[in-house]
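Novice: Got a structure here, written out as structure tokens. Questions coming.
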Amino acid sequence: MADHRHDPCVSPESRYPLPMTIDKELNSSSDAPDSPIVFRLDPASGVPTYLQLVQQVEQALRLGYLKPGDRLPKVREVVAELAINPNTVLKAYRELENKGLTSGRPGQGTFIDGSLEQATLPQLAGLRRSLRSWLAKADATGLDEDGIVALVTSTMRDFSERRGTDGDRGGRNDGQRSVGGVA
């Protein structure tokens with residue numbers, strides 16, 4: 001797997017990091033957990049804890065950071081790291097299993113079975129470069145972070161609505177509405 005330590009979406013030093021940490025190379029020591037993901041919680045988000053865990057796994061799958069065969073942290077590891085109830089972690093893992101993304105192996109842990117990857121890592125890198133350029137232009141026009149978020153949110157909403165009325169190009173065709181334009 002590629003080294004993502006310098007990727008701004010992964011680096012804990014980044015101003016806008018993903019809510020989870022993903023780095024297989026950093027987890028290679030014998031005393032470190034052998035899972036490529038470390039969960040982080042945002043208590044101010046208003047999103048239930050179990051759902052934050054589910055969303056972080058889904059986001060890592062979409063970005064190609066988690067692949068089939070990768071092990072998620074064991075329940076006791078997540079409980080110790082985040083100081084949350086084991087039932088919360090179990091609920092998140094059960095939700096991922098119901099979505100066909102993971103499966104539990106007794107005595108071994110929970111493993112990734114499915115994939116949500118929609119683009120290759122080189123494609124994502126190109127999109128990320130384009131997005132950084134756009135963000136620099138937005139900043140140069142005087143938009144602050146809240147203004148950028150508002151513009152992106154409204155544009156995504158318009159895009160999703162247009163996609164649904166334009167024959168659902170590249171989108172879902174199963175009667176379910178995707179969230180934020182991502183199926």
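Ligands are numbered from 1 in the order shown, chains are lettered A, B, ... in the order of the structure tokens, and residues start at 1 in each chain.
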Run DSSP on the backbone and give me the residues of region 96-138 of chain A it puts in strand (DSSP E), as a list in words.
Specialist: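 Output for region 96-138 of chain A, strand (DSSP E) only: Thr102, Ser103, Gly104, Arg105, Gly109, Thr110, Phe111 and Ile112 of chain A.
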Novice: Would you mind exporting all heavy atoms of the selected residues as an mmCIF file, in the first residue's frame?
Specialist:
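Generated file (part06.cif):
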data_model
loop_
_atom_site.group_PDB
_atom_site.id
_atom_site.type_symbol
_atom_site.label_atom_id
_atom_site.label_comp_id
_atom_site.auth_asym_id
_atom_site.auth_seq_id
_atom_site.Cartn_x
_atom_site.Cartn_y
_atom_site.Cartn_z
ATOM 1 N N THR A 102 -18.199 -5.723 5.974
ATOM 2 C CA THR A 102 -17.300 -6.443 6.873
ATOM 3 C C THR A 102 -17.888 -7.782 7.253
ATOM 4 O O THR A 102 -19.073 -8.051 7.021
ATOM 5 C CB THR A 102 -17.057 -5.643 8.177
ATOM 6 O OG1 THR A 102 -18.302 -5.528 8.883
ATOM 7 C CG2 THR A 102 -16.470 -4.278 7.914
ATOM 8 N N SER A 103 -17.051 -8.594 7.869
ATOM 9 C CA SER A 103 -17.522 -9.825 8.486
ATOM 10 C C SER A 103 -16.664 -10.103 9.706
ATOM 11 O O SER A 103 -15.473 -9.799 9.722
ATOM 12 C CB SER A 103 -17.464 -11.009 7.514
ATOM 13 O OG SER A 103 -16.124 -11.282 7.151
ATOM 14 N N GLY A 104 -17.298 -10.640 10.726
ATOM 15 C CA GLY A 104 -16.582 -10.990 11.946
ATOM 16 C C GLY A 104 -16.069 -12.416 11.867
ATOM 17 O O GLY A 104 -16.740 -13.298 11.337
ATOM 18 N N ARG A 105 -14.857 -12.607 12.352
ATOM 19 C CA ARG A 105 -14.259 -13.939 12.436
ATOM 20 C C ARG A 105 -13.976 -14.208 13.900
ATOM 21 O O ARG A 105 -13.124 -13.545 14.497
ATOM 22 C CB ARG A 105 -12.975 -14.011 11.609
ATOM 23 C CG ARG A 105 -13.192 -13.732 10.138
ATOM 24 C CD ARG A 105 -11.899 -13.802 9.366
ATOM 25 N NE ARG A 105 -12.078 -13.201 8.041
ATOM 26 C CZ ARG A 105 -11.092 -12.785 7.279
ATOM 27 N NH1 ARG A 105 -9.839 -12.908 7.682
ATOM 28 N NH2 ARG A 105 -11.334 -12.253 6.094
ATOM 29 N N GLY A 109 -11.280 -11.144 14.823
ATOM 30 C CA GLY A 109 -11.662 -9.743 14.668
ATOM 31 C C GLY A 109 -12.650 -9.538 13.545
ATOM 32 O O GLY A 109 -13.258 -10.478 13.034
ATOM 33 N N THR A 110 -12.795 -8.284 13.143
ATOM 34 C CA THR A 110 -13.706 -7.891 12.073
ATOM 35 C C THR A 110 -12.878 -7.457 10.877
ATOM 36 O O THR A 110 -11.977 -6.622 11.008
ATOM 37 C CB THR A 110 -14.619 -6.742 12.544
ATOM 38 O OG1 THR A 110 -15.351 -7.188 13.695
ATOM 39 C CG2 THR A 110 -15.599 -6.329 11.455
ATOM 40 N N PHE A 111 -13.188 -8.023 9.713
ATOM 41 C CA PHE A 111 -12.390 -7.800 8.515
ATOM 42 C C PHE A 111 -13.222 -7.182 7.400
ATOM 43 O O PHE A 111 -14.409 -7.454 7.272
ATOM 44 C CB PHE A 111 -11.786 -9.121 8.030
ATOM 45 C CG PHE A 111 -10.745 -9.667 8.965
ATOM 46 C CD1 PHE A 111 -11.117 -10.402 10.077
ATOM 47 C CD2 PHE A 111 -9.399 -9.428 8.745
ATOM 48 C CE1 PHE A 111 -10.158 -10.885 10.959
ATOM 49 C CE2 PHE A 111 -8.440 -9.904 9.609
ATOM 50 C CZ PHE A 111 -8.817 -10.640 10.725
ATOM 51 N N ILE A 112 -12.566 -6.368 6.596
ATOM 52 C CA ILE A 112 -13.207 -5.736 5.451
ATOM 53 C C ILE A 112 -13.450 -6.807 4.383
ATOM 54 O O ILE A 112 -12.544 -7.545 4.018
ATOM 55 C CB ILE A 112 -12.318 -4.615 4.863
ATOM 56 C CG1 ILE A 112 -12.071 -3.514 5.897
ATOM 57 C CG2 ILE A 112 -12.918 -4.055 3.579
ATOM 58 C CD1 ILE A 112 -13.298 -2.742 6.309
#
Novice: Find the residue from A:Leu135, A:Gly114, A:Ala125, A:Pro43 that sits nearest to Val149 (chain A); use only C-alpha atoms when measuring.
Specialist: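 Under the stated criterion, the closest residue is A:Leu135.
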Novice: Run DSSP on the backbone and tell me which residues of region 60-147 of chain A come out as helix (DSSP H, G or I); list them as an MDAnalysis selection string.
Specialist: chainID A and resid 60:62 75:82 86:98 121:140 145:147
Novice: So that I can see what lies close to Arg94 (chain A), please list as an MDAnalysis selection string the residues with an atom at most 10 Å from it, counting only C-alpha atoms and leaving out residues fewer than 3 positions away in the same chain.
Specialist: chainID A and resid 50 54 88:91 97:104 110
Novice: To one decimal place in Å, what is the distance between CA of Pro48 (chain A) and CA of Arg71 (chain A)?
Specialist: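 Taking CA of Pro48 (chain A) as the start and CA of Arg71 (chain A) as the end point, the length is 22.8 Å.
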Novice: Name the closest residue to Asn87 (chain A) among the candidates A:Leu131, A:Thr49, A:Ala150, A:Ser115; distances are taken between atoms, counting only C-alpha atoms.
Specialist: A:Thr49
Novice: From the set A:Leu53, A:Pro36, A:Lys137, A:Phe159, which residue has the shortest atom-to-atom contact distance to Ile84 (chain A), counting only C-alpha atoms?
Specialist: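 Distance minimum relative to Ile84 (chain A) lands on A:Leu53.
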